[in-house]
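Engineer: Contents are compact mmCIF, C-alpha atoms; file name input_11.txt:
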# COMPACT_ATOMS: atom_id res chain seq x y z
CA PRO A 1 74.38 145.79 94.17
CA SER A 2 75.69 146.78 90.75
CA ARG A 3 73.60 146.25 87.63
CA PHE A 4 76.07 143.56 86.60
CA PHE A 5 75.71 141.64 89.85
CA ALA A 6 71.94 142.12 89.87
CA GLY A 7 71.87 140.76 86.32
CA ALA A 8 73.78 137.67 87.40
CA LEU A 9 71.35 137.07 90.28
CA GLY A 10 68.43 137.46 87.88
CA ALA A 11 69.93 134.94 85.46
CA LEU A 12 70.53 132.47 88.31
CA SER A 13 66.93 132.88 89.42
CA GLY A 14 65.85 132.14 85.86
CA ALA A 15 67.84 128.88 86.06
CA GLY A 16 65.84 127.86 89.13
CA LEU A 17 68.23 128.97 91.87
CA ARG A 18 66.73 130.86 94.78
CA VAL A 19 67.95 132.20 98.07
CA GLY A 20 68.60 129.20 100.30
CA GLY A 21 68.31 126.75 97.40
CA VAL A 22 72.02 126.22 96.68
CA ALA A 23 73.47 123.26 98.55
CA GLU A 24 77.05 124.06 97.60
CA LEU A 25 78.97 126.82 95.83
CA VAL A 26 82.17 125.59 94.19
CA MET A 27 84.68 128.18 93.00
CA TYR A 28 87.10 126.95 90.35
CA GLY A 29 89.67 129.01 88.48
CA VAL A 30 89.38 132.28 90.39
CA GLY A 31 93.14 132.78 90.15
CA SER A 32 95.45 134.40 92.69
CA PRO A 33 93.95 137.52 94.32
CA GLU A 34 97.39 138.31 95.73
CA ARG A 35 98.85 138.69 92.23
CA SER A 36 95.91 139.78 90.07
CA ALA A 37 93.35 142.58 90.19
CA SER A 38 91.02 140.49 88.00
CA ALA A 39 91.27 137.62 90.48
CA ARG A 40 90.43 139.99 93.36
CA ALA A 41 87.31 141.11 91.51
CA GLN A 42 86.34 137.50 90.77
CA LEU A 43 86.83 136.49 94.40
CA ALA A 44 84.82 139.44 95.69
CA PHE A 45 82.04 138.53 93.27
CA GLY A 46 82.03 134.91 94.50
CA VAL A 47 81.97 135.89 98.18
CA LEU A 48 79.11 138.32 97.55
CA LEU A 49 77.29 135.64 95.57
CA ALA A 50 77.52 133.18 98.46
CA SER A 51 76.20 135.84 100.83
CA GLU A 52 73.27 136.87 98.62
CA LEU A 53 72.24 133.25 97.98
CA ARG A 54 72.71 132.40 101.68
CA VAL A 55 75.06 129.54 101.05
CA PRO A 56 76.51 128.52 104.45
CA PRO A 57 80.23 129.37 104.58
CA GLU A 58 81.12 125.73 105.23
CA ARG A 59 79.39 124.84 101.94
CA VAL A 60 81.55 127.22 99.90
CA ARG A 61 84.50 125.35 98.36
CA PHE A 62 87.43 126.63 96.34
CA PHE A 63 90.35 125.41 94.27
CA ASP A 64 92.86 126.91 91.91
CA PRO A 65 96.38 125.50 91.49
CA VAL A 66 97.85 129.04 91.41
CA LEU A 67 96.51 130.05 94.84
CA SER A 68 99.21 131.26 97.20
CA ASP A 69 99.25 130.64 100.95
CA ALA A 70 98.06 134.23 101.44
CA ASP A 71 95.16 133.64 99.00
CA ALA A 72 94.11 130.49 100.83
CA MET A 73 94.23 132.35 104.15
CA VAL A 74 91.92 135.07 102.83
CA LEU A 75 89.46 132.46 101.56
CA ARG A 76 89.50 130.65 104.89
CA ASP A 77 88.92 133.96 106.67
CA VAL A 78 85.61 134.37 104.82
CA GLY A 79 84.67 130.82 105.84
CA ALA A 80 85.35 129.01 102.56
CA THR A 81 86.77 125.49 102.57
CA PRO A 82 89.72 124.51 100.37
CA ILE A 83 89.43 121.52 98.08
CA VAL A 84 92.60 119.63 98.91
CA GLU A 85 93.11 117.68 95.67
CA ASP A 86 92.95 118.92 92.10
CA GLU A 87 89.66 117.39 90.93
CA GLU A 88 90.14 118.82 87.42
CA GLY A 89 86.52 120.00 87.49
CA ARG A 90 85.02 116.59 88.26
CA ARG A 91 83.44 117.36 91.63
CA ALA A 92 80.03 115.73 92.21
CA ALA A 93 77.04 118.05 92.60
CA THR A 94 74.95 118.06 95.77
CA SER A 95 71.15 118.14 95.94
CA PRO A 96 69.13 120.21 95.46
CA ALA A 97 71.68 122.11 93.35
CA THR A 98 75.36 122.97 93.14
CA LEU A 99 76.45 126.24 91.63
CA PHE A 100 79.85 126.02 89.95
CA TYR A 101 81.34 129.51 89.83
CA MET A 102 84.01 129.26 87.14
CA PRO A 103 84.87 132.73 85.81
CA HIS A 104 86.97 132.72 82.67
CA CYS A 105 88.10 129.08 82.86
CA GLU A 106 89.54 127.00 80.04
CA ALA A 107 87.14 124.92 77.93
CA TRP A 108 88.63 121.61 79.11
CA LEU A 109 87.62 122.36 82.70
CA TYR A 110 83.96 122.87 81.76
CA ASP A 111 84.17 119.78 79.58
CA ASN A 112 85.47 117.68 82.50
CA LEU A 113 82.62 118.91 84.69
CA VAL A 114 79.95 117.93 82.17
CA ALA A 115 81.56 114.60 81.24
CA ALA A 116 81.94 113.55 84.89
CA HIS A 117 78.29 114.19 85.68
CA CYS A 118 77.12 112.37 82.57
CA ALA A 119 79.27 109.38 83.55
CA ARG A 120 77.83 109.33 87.07
CA ALA A 121 74.29 109.43 85.71
CA GLU A 122 74.95 106.45 83.46
CA ARG A 123 75.98 104.44 86.52
CA ALA A 124 73.09 105.57 88.72
CA VAL A 125 69.65 103.98 88.74
CA GLY A 126 66.85 106.51 88.44
CA ALA A 127 69.22 109.43 87.87
CA PRO A 128 67.92 112.55 86.07
CA PRO A 129 68.32 112.39 82.28
CA GLY A 130 71.85 113.39 81.38
CA GLY A 131 72.82 113.55 85.05
CA LEU A 132 72.96 117.34 85.02
CA ALA A 133 69.73 118.39 86.71
CA ARG A 134 71.62 119.59 89.81
CA VAL A 135 74.31 121.55 87.97
CA VAL A 136 74.34 125.27 87.18
CA VAL A 137 77.49 126.98 85.92
CA LEU A 138 78.28 130.67 86.23
CA GLY A 139 81.22 131.11 83.91
CA ASN A 140 82.13 131.43 80.26
CA SER A 141 79.40 131.17 77.65
CA PHE A 142 79.09 127.62 76.28
CA ASP A 143 77.32 129.08 73.25
CA ARG A 144 80.38 131.17 72.44
CA TYR A 145 82.59 128.07 72.66
CA GLU A 146 80.21 126.31 70.27
CA GLU A 147 80.41 129.21 67.82
CA ARG A 148 84.20 129.05 67.83
CA TRP A 149 84.38 125.27 67.42
CA ASP A 150 81.53 124.65 65.00
CA HIS A 151 81.02 127.86 63.05
CA ALA A 152 84.28 129.82 62.93
CA ALA A 153 86.64 129.53 59.97
CA THR A 154 89.60 128.90 62.31
CA LYS A 155 89.17 126.36 65.11
CA PRO A 156 90.58 127.02 68.59
CA PRO A 157 93.73 125.13 69.59
CA GLY A 158 93.48 121.91 71.57
CA GLU A 159 90.98 119.07 71.72
CA ARG A 160 87.31 119.75 70.97
CA PRO A 161 85.28 119.81 74.25
CA ASP A 162 82.65 117.34 73.01
CA ALA A 163 80.84 116.68 76.29
CA MET A 164 80.36 120.38 76.97
CA LEU A 165 79.15 121.15 73.46
CA ARG A 166 76.75 118.17 73.30
CA ALA A 167 75.10 118.83 76.66
CA PRO A 168 71.50 120.13 76.51
CA ARG A 169 71.50 123.52 78.15
CA ARG A 170 69.72 126.79 78.63
CA GLU A 171 72.02 129.78 78.71
CA THR A 172 71.56 133.39 79.79
CA ARG A 173 74.32 135.90 79.10
CA VAL A 174 75.29 138.31 81.88
CA LEU A 175 76.34 141.61 80.34
CA PRO A 176 79.45 143.06 82.05
CA HIS A 177 78.27 146.68 82.30
CA GLU A 178 81.08 147.94 84.52
CA PHE A 179 83.86 145.68 83.33
CA LYS A 180 84.51 146.66 79.73
CA GLY A 181 88.14 146.03 78.88
CA ASP A 182 88.62 143.70 81.85
CA ILE A 183 88.70 139.97 81.16
CA ALA A 184 87.65 139.10 84.73
CA PHE A 185 84.02 138.61 83.67
CA ALA A 186 84.35 138.40 79.90
CA GLU A 187 81.56 136.46 78.16
CA MET A 188 79.98 135.48 81.47
CA ALA A 189 76.79 133.44 81.34
CA VAL A 190 74.56 131.32 83.53
CA VAL A 191 74.44 127.86 81.99
CA ASP A 192 71.60 125.66 83.25
CA LEU A 193 72.54 122.07 82.53
CA GLY A 194 69.19 120.62 83.60
CA ASP A 195 68.54 119.16 80.15
CA GLY A 196 68.12 122.60 78.66
CA ALA A 197 64.59 123.08 79.96
CA GLY A 198 64.99 124.13 83.55
CA SER A 199 66.17 121.91 86.32
CA GLY A 200 63.12 121.59 88.51
CA PHE A 201 65.01 122.35 91.70
CA ALA A 202 63.80 125.88 92.31
CA GLN A 203 63.44 126.65 95.98
CA ALA A 204 61.12 129.07 97.69
CA ASP A 205 62.71 132.46 98.34
CA THR A 206 63.33 132.75 102.05
CA ALA A 207 64.45 136.36 101.98
CA GLY A 208 61.31 137.36 103.81
Let me see whether you can do it: turn the structure in this file into C-alpha cells.
Structural biologist:
Amino acid sequence: PSRFFAGALGALSGAGLRVGGVAELVMYGVGSPERSASARAQLAFGVLLASELRVPPERVRFFDPVLSDADAMVLRDVGATPIVEDEEGRRAATSPATLFYMPHCEAWLYDNLVAAHCARAERAVGAPPGGLARVVVLGNSFDRYEERWDHAATKPPGERPDAMLRAPRRETRVLPHEFKGDIAFAEMAVVDLGDGAGSGFAQADTAG
C-alpha cells in the first residue's frame, strides 16, 4: 500500500483498532464517484480500508445524499449496504468498535455524531464515560476545527460545533503524501473518542 494508506492504518492501530476488531465501518460523505475524481479516490480508500481491516462486506454501510443510482450500484457490487434514511451522522456504534470513515465532511456532521453518542450514554446504565469508547473517526482533524473556532481571528460561518469540540479525544494526523493539491484527503486524522486516552477495545491481530 501507499505510504499515505499505511500511515492511516498505523494511526488506526494506535487508536486501538486491529485487523478483525472493527464491528462496523460506516462511510459518510464520500460524495458521488460518478461525478467526482476526489469521491472516487475516497471510495477506493474506504473499500481498501474495509478489506485491510477484514470488516465483513455486510458490515460496511454507506450514505451520502448526493449518491446517484450508479454510485449505489457500485457500492452494492463491493458488498456494502446502503443506509436507507439520512441519519445526519447519528448512527449508533456497535461493539467492540465502529469506525466512521468521514473524509472531508462538514463540522456539523461530526458534531451530530459526537452529540448523539453522548446523549445515548447519558440514558444508559453502566455506559462508558462520555459514551464514546466505541467510536473512532477517520476524517477531518478535530484539532484544526478547534483552532479555527477558538484561536483564529475570524470565526468560521455557522453554528459552533460544541459537542465535537468539547469531546475528550486523542488525535493522530495522517499526512497526505501523494495527495497534495487534492482536497479528497485534506487534513485527515484518526480521532479516537474513547475519552482521549485510548478506548480499551483493541483486538488481537488475526493476520497470521
Engineer: Hey, which of A:Glu147, A:Glu171, A:Glu24, A:Glu34 ends up closest to Leu67 (chain A)? Count only C-alpha atoms.
Structural biologist: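 Of all the options, A:Glu34 lies closest to Leu67 (chain A).
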Engineer: Which residues, written as a PyMOL selection string, have at least one atom at most 10 Å from Trp108 (chain A), with only C-alpha atoms counted and residues fewer than 4 positions away on the same chain left out?
Structural biologist: chain A and resi 88-89+112-114+158-164
Engineer: For the atom pair CA of Phe63 (chain A) and CA of His117 (chain A), what is the interatomic distance in Å to one decimal place?
Structural biologist: 18.6 Å
Engineer: To one decimal place, how far is CA of Ala186 (chain A) from CA of His104 (chain A) in Å?
Structural biologist: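 Interatomic distance, CA of Ala186 (chain A) to CA of His104 (chain A): 6.8 Å.
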Engineer: So that I can see what lies close to Val66 (chain A), please list as an MDAnalysis selection string the residues with an atom at most 10 Å from it, counting only C-alpha atoms and leaving out residues fewer than 3 positions away in the same chain.
Structural biologist: chainID A and resid 29:33 35 63 69 71
Engineer: Dig up all the protein and nucleic acid residues within 12 Å of (78.4, 142.6, 89.5) in the file frame, using only C-alpha atoms, and format them as a list in words.
Structural biologist: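 Those residues, ordered by chain and then number, are Pro1, Ser2, Arg3, Phe4, Phe5, Ala6, Gly7, Ala8, Leu9, Gly10, Ala41, Gln42, Leu43, Ala44, Phe45, Gly46, Val47, Leu48, Leu49, Glu52, Val174, Leu175, Pro176, His177, Glu178, Phe179, Ala184, Phe185 and Met188 of chain A.
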Engineer: Store the residues picked out above in a file with C-alpha atoms, as a compact mmCIF listing (two decimals), keeping the file's coordinate frame.
Structural biologist:
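What follows is the written file again-v1.txt:
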# COMPACT_ATOMS: atom_id res chain seq x y z
CA PRO A 1 74.38 145.79 94.17
CA SER A 2 75.69 146.78 90.75
CA ARG A 3 73.60 146.25 87.63
CA PHE A 4 76.07 143.56 86.60
CA PHE A 5 75.71 141.64 89.85
CA ALA A 6 71.94 142.12 89.87
CA GLY A 7 71.87 140.76 86.32
CA ALA A 8 73.78 137.67 87.40
CA LEU A 9 71.35 137.07 90.28
CA GLY A 10 68.43 137.46 87.88
CA ALA A 41 87.31 141.11 91.51
CA GLN A 42 86.34 137.50 90.77
CA LEU A 43 86.83 136.49 94.40
CA ALA A 44 84.82 139.44 95.69
CA PHE A 45 82.04 138.53 93.27
CA GLY A 46 82.03 134.91 94.50
CA VAL A 47 81.97 135.89 98.18
CA LEU A 48 79.11 138.32 97.55
CA LEU A 49 77.29 135.64 95.57
CA GLU A 52 73.27 136.87 98.62
CA VAL A 174 75.29 138.31 81.88
CA LEU A 175 76.34 141.61 80.34
CA PRO A 176 79.45 143.06 82.05
CA HIS A 177 78.27 146.68 82.30
CA GLU A 178 81.08 147.94 84.52
CA PHE A 179 83.86 145.68 83.33
CA ALA A 184 87.65 139.10 84.73
CA PHE A 185 84.02 138.61 83.67
CA MET A 188 79.98 135.48 81.47
Engineer: Quick one: distance from CA of Arg170 (chain A) to CA of Ala152 (chain A) in Å, one decimal?
Structural biologist: 21.6 Å
Engineer: For each of A:Ala153, A:Leu109, A:Leu53, A:Met102, take the minimum atom-to-atom distance to Ser13 (chain A), counting all atoms listed in the file, then give the residue where this is smallest.
Structural biologist: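 Using all atoms listed in the file, the shortest distance to Ser13 (chain A) belongs to A:Leu53.
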Engineer: Ranking A:Met73, A:Ile83, A:Val135, A:Val26 by minimum distance to Ala97 (chain A) and counting all atoms listed in the file, which one comes first?
Structural biologist: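 So, comparing all the options, the nearest one is A:Val135.
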Engineer: When you count all atoms listed in the file, which of these residues is closest to Glu58 (chain A): A:Ala80, A:Leu75, A:Arg148, A:Ser38?
Structural biologist: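 Checking each of A:Ala80, A:Leu75, A:Arg148, A:Ser38 against Glu58 (chain A), counting all atoms listed in the file, the winner is A:Ala80.
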Engineer: Go through A:Ala11, A:Val60, A:Ala92, A:Val19 and flag the residue nearest Gly79 (chain A), using only C-alpha atoms for the distances.
Structural biologist: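 Under the stated criterion, the closest residue is A:Val60.
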Engineer: Would you mind listing what lies within 12 Å of Thr94 (chain A) as a list of chain:residue names, with all atoms listed in the file counted and same-chain residues fewer than 3 positions away left out?
Structural biologist: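 The filter keeps A:Gly21, A:Val22, A:Ala23, A:Glu24, A:Leu25, A:Val26, A:Arg59, A:Arg91, A:Ala97, A:Thr98, A:Leu99, A:Phe100, A:His117, A:Gly131, A:Leu132, A:Ala133, A:Arg134, A:Val135, A:Val136, A:Phe201.
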Engineer: Determine the nearest neighbour of Asp86 (chain A) from the options A:Glu187, A:Asp192, A:Glu106, A:Asp64, counting only C-alpha atoms.
Structural biologist: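 Residue with the minimum atom-to-atom distance to Asp86 (chain A): A:Asp64.
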Engineer: Would you pick out the contacts of Cys105 (chain A) at 8 Å or less, using only C-alpha atoms, so that residues sharing its chain but fewer than 5 positions from it are not included, and give the list as a list in words?
Structural biologist: Tyr28, Gly29, Tyr110, Gly139 and Asn140 of chain A
